[in-house]
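Data file: work19.cif. Format and content: mmCIF, C-alpha atoms.
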```
data_entry
loop_
_atom_site.group_PDB
_atom_site.id
_atom_site.type_symbol
_atom_site.label_atom_id
_atom_site.label_comp_id
_atom_site.auth_asym_id
_atom_site.auth_seq_id
_atom_site.Cartn_x
_atom_site.Cartn_y
_atom_site.Cartn_z
ATOM 1 C CA MET J 1 -10.923 -23.839 4.879
ATOM 2 C CA ALA J 2 -11.760 -20.244 5.827
ATOM 3 C CA ASP J 3 -14.051 -17.605 4.375
ATOM 4 C CA PHE J 4 -12.828 -14.085 3.585
ATOM 5 C CA VAL J 5 -14.247 -10.677 2.715
ATOM 6 C CA ILE J 6 -11.819 -8.249 1.052
ATOM 7 C CA VAL J 7 -12.576 -4.558 1.615
ATOM 8 C CA THR J 8 -11.040 -2.034 -0.778
ATOM 9 C CA SER J 9 -11.632 1.371 -2.395
ATOM 10 C CA GLY J 10 -11.932 2.124 -6.081
ATOM 11 C CA ASP J 11 -11.183 -1.460 -7.138
ATOM 12 C CA LEU J 12 -7.544 -1.142 -6.098
ATOM 13 C CA PRO J 13 -5.309 -3.802 -7.666
ATOM 14 C CA GLU J 14 -3.910 -4.894 -4.284
ATOM 15 C CA ALA J 15 -7.373 -6.202 -3.412
ATOM 16 C CA TYR J 16 -7.466 -8.353 -6.532
ATOM 17 C CA PHE J 17 -3.910 -9.513 -5.869
ATOM 18 C CA LEU J 18 -5.288 -11.022 -2.649
ATOM 19 C CA ALA J 19 -8.383 -12.270 -4.482
ATOM 20 C CA GLY J 20 -6.232 -14.018 -7.079
ATOM 21 C CA PHE J 21 -4.295 -15.782 -4.347
ATOM 22 C CA LEU J 22 -7.467 -16.928 -2.580
ATOM 23 C CA ALA J 23 -8.929 -18.118 -5.880
ATOM 24 C CA SER J 24 -5.774 -20.131 -6.578
ATOM 25 C CA ARG J 25 -6.283 -21.880 -3.224
ATOM 26 C CA ALA J 26 -9.996 -22.535 -3.896
ATOM 27 C CA GLN J 27 -11.045 -20.364 -0.948
ATOM 28 C CA ARG J 28 -14.462 -18.801 -0.559
ATOM 29 C CA PHE J 29 -14.345 -14.991 -0.616
ATOM 30 C CA ALA J 30 -16.267 -11.839 -1.477
ATOM 31 C CA VAL J 31 -15.245 -8.255 -2.252
ATOM 32 C CA VAL J 32 -16.667 -5.012 -0.869
ATOM 33 C CA ASN J 33 -15.559 -2.102 -3.049
ATOM 34 C CA ILE J 34 -16.047 1.448 -1.762
ATOM 35 C CA VAL J 35 -16.588 3.927 -4.579
ATOM 36 C CA ALA J 36 -16.329 7.721 -4.231
ATOM 37 C CA ARG J 37 -17.674 8.872 -0.895
ATOM 38 C CA PRO J 38 -20.509 11.448 -0.960
ATOM 39 C CA LEU J 39 -19.434 15.075 -1.340
ATOM 40 C CA ALA J 40 -20.883 15.937 2.071
ATOM 41 C CA HIS J 41 -18.647 13.293 3.681
ATOM 42 C CA GLN J 42 -15.565 14.603 1.872
ATOM 43 C CA LEU J 43 -16.328 18.164 2.973
ATOM 44 C CA ARG J 44 -16.685 17.015 6.578
ATOM 45 C CA VAL J 45 -13.270 15.323 6.376
ATOM 46 C CA LEU J 46 -11.676 18.493 4.946
ATOM 47 C CA ALA J 47 -13.309 20.615 7.636
ATOM 48 C CA ARG J 48 -11.967 18.322 10.337
ATOM 49 C CA LEU J 49 -8.450 18.451 8.838
ATOM 50 C CA ARG J 50 -8.596 22.247 8.743
ATOM 51 C CA ARG J 51 -9.748 22.348 12.347
ATOM 52 C CA ASN J 52 -7.038 19.952 13.529
ATOM 53 C CA ARG J 53 -4.154 20.909 11.212
ATOM 54 C CA GLY J 54 -4.810 24.486 10.169
ATOM 55 C CA THR J 55 -5.593 26.423 6.999
ATOM 56 C CA TRP J 56 -2.056 26.212 5.597
ATOM 57 C CA TYR J 57 -2.075 22.416 5.825
ATOM 58 C CA LEU J 58 -5.459 22.214 4.086
ATOM 59 C CA ALA J 59 -4.297 24.475 1.237
ATOM 60 C CA ASP J 60 -1.166 22.340 0.829
ATOM 61 C CA LEU J 61 -3.276 19.162 0.731
ATOM 62 C CA LEU J 62 -5.687 20.595 -1.856
ATOM 63 C CA LEU J 63 -2.715 21.601 -4.023
ATOM 64 C CA ALA J 64 -1.441 18.011 -3.911
ATOM 65 C CA ARG J 65 -4.840 16.724 -5.005
ATOM 66 C CA LEU J 66 -4.982 19.270 -7.831
ATOM 67 C CA VAL J 67 -1.585 18.080 -9.067
ATOM 68 C CA ASP J 68 -2.884 14.487 -8.974
ATOM 69 C CA LEU J 69 -5.770 15.513 -11.241
ATOM 70 C CA ILE J 70 -3.395 17.211 -13.689
ATOM 71 C CA ARG J 71 -1.099 14.179 -13.760
ATOM 72 C CA ALA J 72 -3.935 11.663 -14.120
ATOM 73 C CA PRO J 73 -3.674 11.318 -17.953
ATOM 74 C CA VAL J 74 0.085 10.641 -17.707
ATOM 75 C CA ASP J 75 -0.488 8.103 -14.927
ATOM 76 C CA ARG J 76 -3.126 6.304 -17.009
ATOM 77 C CA ARG J 77 -0.707 5.998 -19.924
ATOM 78 C CA ARG J 78 1.953 4.558 -17.633
ATOM 79 C CA VAL J 79 -0.531 2.033 -16.270
ATOM 80 C CA ALA J 80 -1.516 1.087 -19.825
ATOM 81 C CA ARG J 81 2.159 0.291 -20.505
ATOM 82 C CA GLY J 82 2.270 -1.988 -17.466
ATOM 83 C CA LEU J 83 4.239 0.465 -15.300
ATOM 84 C CA ARG J 84 2.603 -0.130 -11.945
ATOM 85 C CA ALA J 85 2.936 -2.041 -8.702
ATOM 86 C CA PHE J 86 0.839 -4.989 -9.922
ATOM 87 C CA PRO J 87 1.475 -5.389 -13.670
ATOM 88 C CA ASP J 88 -0.430 -8.696 -13.733
ATOM 89 C CA ILE J 89 -3.620 -7.160 -12.319
ATOM 90 C CA ASP J 90 -5.283 -5.341 -15.193
ATOM 91 C CA ALA J 91 -8.893 -4.457 -15.948
ATOM 92 C CA SER J 92 -9.605 -7.857 -17.503
ATOM 93 C CA VAL J 93 -8.414 -9.684 -14.374
ATOM 94 C CA ILE J 94 -10.581 -7.470 -12.167
ATOM 95 C CA ARG J 95 -13.630 -8.039 -14.398
ATOM 96 C CA ARG J 96 -13.094 -11.802 -14.358
ATOM 97 C CA ILE J 97 -12.880 -11.960 -10.562
ATOM 98 C CA ARG J 98 -15.907 -9.709 -10.136
ATOM 99 C CA SER J 99 -17.938 -11.911 -12.481
ATOM 100 C CA ARG J 100 -17.086 -15.127 -10.617
ATOM 101 C CA TYR J 101 -17.243 -14.093 -6.976
ATOM 102 C CA PRO J 102 -19.709 -12.064 -4.866
ATOM 103 C CA CYS J 103 -18.908 -8.354 -5.102
ATOM 104 C CA LEU J 104 -20.688 -5.328 -3.707
ATOM 105 C CA ASP J 105 -20.036 -1.695 -4.665
ATOM 106 C CA CYS J 106 -21.039 0.898 -2.100
ATOM 107 C CA ARG J 107 -20.559 4.520 -1.135
ATOM 108 C CA ASP J 108 -20.885 3.980 2.603
ATOM 109 C CA PRO J 109 -19.222 0.819 3.972
ATOM 110 C CA HIS J 110 -21.319 1.079 7.134
ATOM 111 C CA ALA J 111 -24.703 1.236 5.390
ATOM 112 C CA ALA J 112 -27.250 -1.404 6.370
ATOM 113 C CA ALA J 113 -27.076 -3.102 2.944
ATOM 114 C CA VAL J 114 -23.295 -3.530 3.248
ATOM 115 C CA LEU J 115 -23.498 -4.889 6.782
ATOM 116 C CA ASP J 116 -26.217 -7.332 5.698
ATOM 117 C CA PHE J 117 -24.064 -8.459 2.736
ATOM 118 C CA VAL J 118 -21.062 -9.166 4.968
ATOM 119 C CA ARG J 119 -23.156 -10.706 7.749
ATOM 120 C CA THR J 120 -24.891 -13.047 5.305
ATOM 121 C CA PHE J 121 -21.580 -14.107 3.771
ATOM 122 C CA GLY J 122 -20.275 -14.870 7.267
ATOM 123 C CA PRO J 123 -16.502 -14.354 6.864
ATOM 124 C CA ASP J 124 -13.916 -15.743 9.211
ATOM 125 C CA TYR J 125 -11.594 -12.891 8.271
ATOM 126 C CA LEU J 126 -11.937 -9.394 6.830
ATOM 127 C CA LEU J 127 -8.916 -8.348 4.752
ATOM 128 C CA LEU J 128 -8.431 -4.604 4.305
ATOM 129 C CA ALA J 129 -6.606 -3.694 1.095
ATOM 130 C CA GLY J 130 -6.656 0.052 0.597
ATOM 131 C CA ALA J 131 -9.772 0.640 2.696
ATOM 132 C CA PRO J 132 -10.514 3.793 4.711
ATOM 133 C CA VAL J 133 -10.877 3.798 8.485
ATOM 134 C CA LEU J 134 -13.698 1.384 9.336
ATOM 135 C CA ARG J 135 -15.955 1.146 12.340
ATOM 136 C CA PRO J 136 -16.417 -1.923 14.539
ATOM 137 C CA SER J 137 -19.916 -2.331 13.072
ATOM 138 C CA LEU J 138 -18.210 -3.626 9.903
ATOM 139 C CA TYR J 139 -14.866 -5.158 10.849
ATOM 140 C CA GLY J 140 -16.451 -6.713 13.942
ATOM 141 C CA LEU J 141 -18.519 -8.972 11.669
ATOM 142 C CA ALA J 142 -15.474 -11.197 11.072
ATOM 143 C CA ARG J 143 -15.889 -14.384 13.104
ATOM 144 C CA ARG J 144 -12.176 -14.464 13.915
ATOM 145 C CA THR J 145 -10.546 -11.108 13.152
ATOM 146 C CA ALA J 146 -9.886 -8.373 10.604
ATOM 147 C CA LEU J 147 -6.420 -7.796 9.151
ATOM 148 C CA ASN J 148 -4.897 -4.750 7.484
ATOM 149 C CA ARG J 149 -1.911 -4.107 5.219
ATOM 150 C CA HIS J 150 -0.335 -0.825 6.310
ATOM 151 C CA LEU J 151 2.383 0.926 4.292
ATOM 152 C CA GLY J 152 4.349 2.074 7.303
ATOM 153 C CA LEU J 153 6.299 0.654 10.214
ATOM 154 C CA VAL J 154 4.050 0.745 13.256
ATOM 155 C CA PRO J 155 4.007 2.084 15.886
ATOM 156 C CA ASP J 156 6.393 4.802 14.649
ATOM 157 C CA PHE J 157 4.413 5.579 11.497
ATOM 158 C CA ARG J 158 0.649 5.327 11.749
ATOM 159 C CA GLY J 159 -1.968 7.032 9.609
ATOM 160 C CA SER J 160 -1.732 8.139 5.964
ATOM 161 C CA ASP J 161 1.097 8.373 3.405
ATOM 162 C CA CYS J 162 3.583 7.072 5.966
ATOM 163 C CA THR J 163 6.257 6.301 3.363
ATOM 164 C CA LEU J 164 6.169 9.875 2.060
ATOM 165 C CA TRP J 165 6.428 11.189 5.600
ATOM 166 C CA ALA J 166 9.360 8.860 6.349
ATOM 167 C CA PHE J 167 11.361 10.216 3.419
ATOM 168 C CA ALA J 168 10.217 13.819 3.973
ATOM 169 C CA LEU J 169 11.454 13.612 7.578
ATOM 170 C CA ASP J 170 14.731 12.094 6.308
ATOM 171 C CA ARG J 171 14.009 8.834 8.093
ATOM 172 C CA PRO J 172 14.332 6.246 5.291
ATOM 173 C CA GLU J 173 14.812 3.515 7.887
ATOM 174 C CA GLY J 174 11.138 4.071 8.745
ATOM 175 C CA ALA J 175 9.963 3.068 5.259
ATOM 176 C CA GLY J 176 8.393 -0.372 5.103
ATOM 177 C CA TYR J 177 5.129 -2.142 5.830
ATOM 178 C CA SER J 178 3.184 -3.785 8.629
ATOM 179 C CA ILE J 179 0.423 -6.385 8.665
ATOM 180 C CA HIS J 180 -1.674 -5.919 11.781
ATOM 181 C CA VAL J 181 -4.967 -6.754 13.425
ATOM 182 C CA VAL J 182 -7.637 -4.073 12.978
ATOM 183 C CA SER J 183 -8.617 -2.322 16.172
ATOM 184 C CA GLU J 184 -10.720 0.669 17.113
ATOM 185 C CA ARG J 185 -7.582 2.795 17.375
ATOM 186 C CA VAL J 186 -6.200 3.385 13.881
ATOM 187 C CA ASP J 187 -3.147 1.245 13.002
ATOM 188 C CA ALA J 188 -2.685 0.251 16.645
ATOM 189 C CA GLY J 189 -3.707 -3.429 16.629
ATOM 190 C CA ASP J 190 -1.415 -6.393 17.283
ATOM 191 C CA VAL J 191 1.361 -6.717 14.718
ATOM 192 C CA LEU J 192 1.629 -9.898 12.646
ATOM 193 C CA LEU J 193 4.455 -8.855 10.329
ATOM 194 C CA ARG J 194 6.681 -5.776 10.267
ATOM 195 C CA ARG J 195 9.359 -5.343 7.596
ATOM 196 C CA PRO J 196 11.529 -2.402 6.572
ATOM 197 C CA VAL J 197 11.977 -2.052 2.812
ATOM 198 C CA PRO J 198 15.333 -0.397 2.056
ATOM 199 C CA VAL J 199 15.821 1.681 -1.077
ATOM 200 C CA GLY J 200 17.034 -0.430 -3.983
ATOM 201 C CA ASN J 201 17.930 0.473 -7.551
ATOM 202 C CA GLU J 202 14.816 2.573 -8.155
ATOM 203 C CA SER J 203 15.330 5.762 -10.137
ATOM 204 C CA SER J 204 12.380 7.551 -8.515
ATOM 205 C CA LEU J 205 10.236 7.519 -5.409
ATOM 206 C CA THR J 206 7.300 6.365 -7.539
ATOM 207 C CA GLU J 207 9.190 3.221 -8.563
ATOM 208 C CA TYR J 208 10.105 2.569 -4.949
ATOM 209 C CA LEU J 209 6.450 2.908 -3.910
ATOM 210 C CA TRP J 210 5.465 0.346 -6.549
ATOM 211 C CA ARG J 211 7.934 -2.155 -5.116
ATOM 212 C CA LEU J 212 6.842 -1.394 -1.565
ATOM 213 C CA GLN J 213 3.175 -1.977 -2.424
ATOM 214 C CA HIS J 214 3.954 -5.295 -4.101
ATOM 215 C CA GLU J 215 6.186 -6.512 -1.273
ATOM 216 C CA ALA J 216 3.570 -5.499 1.306
ATOM 217 C CA SER J 217 0.858 -7.451 -0.512
ATOM 218 C CA SER J 218 3.196 -10.442 -0.786
ATOM 219 C CA GLY J 219 3.723 -10.203 2.970
ATOM 220 C CA PHE J 220 -0.065 -10.132 3.433
ATOM 221 C CA VAL J 221 -0.336 -13.292 1.312
ATOM 222 C CA GLU J 222 2.363 -14.866 3.487
ATOM 223 C CA ILE J 223 0.221 -14.328 6.591
ATOM 224 C CA ILE J 224 -2.936 -15.619 4.860
ATOM 225 C CA ASP J 225 -1.084 -18.678 3.577
ATOM 226 C CA GLY J 226 -0.044 -19.463 7.134
ATOM 227 C CA LEU J 227 -3.685 -19.267 8.229
ATOM 228 C CA LEU J 228 -4.701 -21.689 5.493
ATOM 229 C CA HIS J 229 -2.069 -24.123 6.751
ATOM 230 C CA GLY J 230 -3.359 -23.897 10.319
ATOM 231 C CA ALA J 231 -0.613 -21.678 11.720
ATOM 232 C CA PRO J 232 -1.637 -19.380 14.604
ATOM 233 C CA LEU J 233 -1.465 -15.655 14.017
ATOM 234 C CA PRO J 234 1.907 -14.383 15.313
ATOM 235 C CA ARG J 235 0.341 -11.509 17.266
ATOM 236 C CA VAL J 236 2.693 -9.066 18.972
ATOM 237 C CA PRO J 237 1.102 -6.156 20.896
ATOM 238 C CA GLN J 238 2.323 -2.747 19.815
ATOM 239 C CA ALA J 239 4.413 -0.691 22.161
ATOM 240 C CA GLY J 240 3.338 2.816 23.014
ATOM 241 C CA GLY J 241 4.556 5.970 21.351
ATOM 242 C CA GLY J 242 4.622 6.579 17.642
ATOM 243 C CA ARG J 243 2.883 9.273 15.652
ATOM 244 C CA HIS J 244 -0.255 9.462 13.554
ATOM 245 C CA PHE J 245 0.348 11.193 10.211
ATOM 246 C CA PRO J 246 -2.285 12.962 8.093
ATOM 247 C CA PRO J 247 -2.465 12.760 4.271
ATOM 248 C CA ALA J 248 0.675 14.290 2.764
ATOM 249 C CA GLY J 249 0.343 17.703 1.168
ATOM 250 C CA TRP J 250 2.292 19.090 -1.782
ATOM 251 C CA SER J 251 5.219 20.378 0.303
ATOM 252 C CA ILE J 252 5.672 16.999 2.022
ATOM 253 C CA ARG J 253 5.596 15.191 -1.319
ATOM 254 C CA ARG J 254 8.207 17.542 -2.782
ATOM 255 C CA ARG J 255 10.467 17.119 0.233
ATOM 256 C CA ALA J 256 10.081 13.324 0.083
ATOM 257 C CA ASP J 257 10.998 13.354 -3.635
ATOM 258 C CA ARG J 258 14.098 15.470 -3.013
ATOM 259 C CA ASN J 259 15.319 13.379 -0.091
ATOM 260 C CA PHE J 260 14.703 10.147 -1.968
ATOM 261 C CA ALA J 261 16.620 11.449 -5.023
ATOM 262 C CA ARG J 262 19.556 12.415 -2.806
ATOM 263 C CA LEU J 263 19.546 9.025 -1.085
ATOM 264 C CA ALA J 264 19.303 7.150 -4.402
ATOM 265 C CA ALA J 265 22.187 9.182 -5.880
ATOM 266 C CA HIS J 266 24.338 8.477 -2.818
ATOM 267 C CA ARG J 267 23.533 4.782 -3.082
ATOM 268 C CA ARG J 268 24.496 4.706 -6.765
ATOM 269 C CA SER J 269 27.770 6.506 -6.057
ATOM 270 C CA ALA J 270 28.628 4.085 -3.260
ATOM 271 C CA SER J 271 27.796 1.120 -5.497
ATOM 272 C CA GLU J 272 29.984 2.439 -8.308
ATOM 273 C CA ALA J 273 32.861 3.115 -5.907
ATOM 274 C CA ALA J 274 32.643 -0.425 -4.518
ATOM 275 C CA ALA J 275 32.532 -2.057 -7.951
ATOM 276 C CA PRO J 276 35.833 -3.592 -9.129
ATOM 277 C CA PRO J 277 37.528 -1.597 -11.870
ATOM 278 C CA CYS J 278 37.003 -2.822 -15.390
ATOM 279 C CA PRO J 279 40.175 -4.382 -16.810
ATOM 280 C CA THR J 280 41.942 -2.198 -19.354
ATOM 281 C CA PRO J 281 42.136 -4.016 -22.683
ATOM 282 C CA LEU J 282 45.693 -4.769 -23.760
ATOM 283 C CA SER J 283 46.760 -2.847 -26.839
ATOM 284 C CA ARG J 284 47.806 -5.063 -29.649
ATOM 285 C CA ALA J 285 51.501 -4.878 -30.454
ATOM 286 C CA PRO J 286 52.318 -3.975 -34.041
ATOM 287 C CA ASP J 287 53.200 -6.884 -36.281
ATOM 288 C CA ARG J 288 56.907 -6.511 -37.099
ATOM 289 C CA ARG J 289 57.096 -9.490 -39.387
ATOM 290 C CA GLN J 290 58.005 -8.607 -42.912
ATOM 291 C CA ALA J 291 56.186 -10.041 -45.764
#
```
Take the structure in the file and give it back as structure tokens.
Amino acid sequence: MADFVIVTSGDLPEAYFLAGFLASRAQRFAVVNIVARPLAHQLRVLARLRRNRGTWYLADLLLARLVDLIRAPVDRRRVARGLRAFPDIDASVIRRIRSRYPCLDCRDPHAAAVLDFVRTFGPDYLLLAGAPVLRPSLYGLARRTALNRHLGLVPDFRGSDCTLWAFALDRPEGAGYSIHVVSERVDAGDVLLRRPVPVGNESSLTEYLWRLQHEASSGFVEIIDGLLHGAPLPRVPQAGGGRHFPPAGWSIRRRADRNFARLAAHRRSASEAAAPPCPTPLSRAPDRRQA
């Protein structure tokens, strides 16, 4: 038996995917959900990105976020039709879990009230599922360790939107996920699981991202299940090198979409060429018998 605290942002479904698994195994857990950060914090982040990446990058990033706002109604309709990474995790499932288990909404995950909540709960493990970069003051409260699901193959792809960057850089072999120990250096902790996720039969990059998210969460559950059965964490220190990527702007997203579409079309063509030809139906000979 182990105790868990799941840390997420905006009630992301991947957090409740983990919660559903823990509930099915009668484990004790709590959820810390980070809602929208204060405007002052967001402005500080944008100022830092401009300072480190330049004005052009910031404008490109803001354009991507504007497009997200415009597309939001379409995305909500798709979610309502069950078109998402976790079709079984809907609003009713989230409400049910939140009503049965300790949950705390916060704007600052490092506020004293949040730290007291986690400290009082006393988790063996913190599970990060769509959480921002956290400080040791929070993830260090886990009695054993904190674990993160990262949508990228470390150490080559660290940071944000790593899958988009992998396709934008025409490196589809770099698309996949990693489960790793949380450390003070972002995405640099010991690796527990690292799996590439090749492109399948998806018709769009969005569909591929849905599958990647689901497979990554299933891999996270695989690690947690091993813990519950007493297996030691298969920790492998990361090698040096790699690159830390910032949030993807509009130009990177467009390039990733184009490269993915080209790769998917090539894959379909290769699959059709390899398929055995369909047998030609035999034409029926005319009946020469006379009545």
Against region 177-185 of chain J, which residues of region 196-245 of chain J fall within 10 Å? For each one I want the closest pair of atoms and the distance in Å (one decimal), counting all atoms listed in the file, rows by chain and increasing residue number, as a Markdown table.
```
| residue | atom | partner | partner_atom | distance |
| --- | --- | --- | --- | --- |
| J:Pro196 | CA | J:Tyr177 | CA | 6.4 |
| J:Val197 | CA | J:Tyr177 | CA | 7.5 |
| J:Leu212 | CA | J:Tyr177 | CA | 7.6 |
| J:Gln213 | CA | J:Tyr177 | CA | 8.5 |
| J:Glu215 | CA | J:Tyr177 | CA | 8.4 |
| J:Ala216 | CA | J:Tyr177 | CA | 5.8 |
| J:Ser217 | CA | J:Ile179 | CA | 9.2 |
| J:Gly219 | CA | J:Ile179 | CA | 7.6 |
| J:Phe220 | CA | J:Ile179 | CA | 6.5 |
| J:Ile223 | CA | J:Ile179 | CA | 8.2 |
| J:Leu233 | CA | J:Val181 | CA | 9.6 |
| J:Pro234 | CA | J:His180 | CA | 9.8 |
| J:Arg235 | CA | J:His180 | CA | 8.1 |
| J:Val236 | CA | J:His180 | CA | 9.0 |
| J:Pro237 | CA | J:His180 | CA | 9.5 |
| J:Gln238 | CA | J:His180 | CA | 9.5 |
```
What residues come out when you apply the PyMOL selection byres ((chain J and resi 122-135) around 8) to this file, written as JSON, numbers by chain? {"J": [2, 3, 4, 5, 6, 7, 8, 9, 12, 14, 15, 29, 34, 109, 110, 118, 119, 120, 121, 136, 137, 138, 139, 141, 142, 143, 144, 145, 146, 147, 148, 149, 184, 186]}
Can you turn the PyMOL selection byres ((chain J and resi 63-68) around 9) into a concrete residue list for this file, as a VMD selection string? chain J and resid 58 to 62 69 to 72 248 to 251 253
Listed atoms of region 118-128 of chain J, axis-aligned box, 6 Å per side: centre and edge lengths to one decimal in Å, as JSON?
```
{"center_x": -16.7, "center_y": -10.2, "center_z": 6.5, "size_x": 28.5, "size_y": 23.1, "size_z": 17.4}
```
Hey, which of J:Ala168, J:Arg107, J:Ser271, J:Tyr57 ends up closest to Ala40 (chain J)? Count only C-alpha atoms.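 Nearest candidate to Ala40 (chain J) out of J:Ala168, J:Arg107, J:Ser271, J:Tyr57: J:Arg107.
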Applying the PyMOL selection byres ((chain J and resi 263) around 12) to the file I just gave you, which residues come out? Please list them as a list in words.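 Applying the PyMOL selection byres ((chain J and resi 263) around 12) to the structure shown produces Phe167, Ala168, Asp170, Arg171, Pro172, Glu173, Pro198, Val199, Gly200, Asn201, Glu202, Ser203, Ser204, Leu205, Ala256, Asp257, Arg258, Asn259, Phe260, Ala261, Arg262, Ala264, Ala265, His266, Arg267, Arg268, Ser269 and Ala270 of chain J.
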If you count all atoms listed in the file, the residue of J:Arg211, J:Asp225, J:Ala175, J:Ala19 closest to Arg96 (chain J) turns out to be J:Ala19
Starting from the point (2.5, -1.0, 22.7), work out which residues of protein, DNA or RNA have an atom no more than 10 Å away when counting all atoms listed in the file; state them as a short mmCIF file (atom, residue, chain, number, x, y, z; two decimals) with C-alpha atoms, keeping the file's coordinate frame.
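Output file selection03.cif is given in full below:
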```cif
data_model
loop_
_atom_site.label_atom_id
_atom_site.label_comp_id
_atom_site.auth_asym_id
_atom_site.auth_seq_id
_atom_site.Cartn_x
_atom_site.Cartn_y
_atom_site.Cartn_z
CA VAL J 154 4.05 0.74 13.26
CA PRO J 155 4.01 2.08 15.89
CA ALA J 188 -2.68 0.25 16.64
CA GLY J 189 -3.71 -3.43 16.63
CA ASP J 190 -1.42 -6.39 17.28
CA VAL J 191 1.36 -6.72 14.72
CA VAL J 236 2.69 -9.07 18.97
CA PRO J 237 1.10 -6.16 20.90
CA GLN J 238 2.32 -2.75 19.82
CA ALA J 239 4.41 -0.69 22.16
CA GLY J 240 3.34 2.82 23.01
CA GLY J 241 4.56 5.97 21.35
CA GLY J 242 4.62 6.58 17.64
#
```
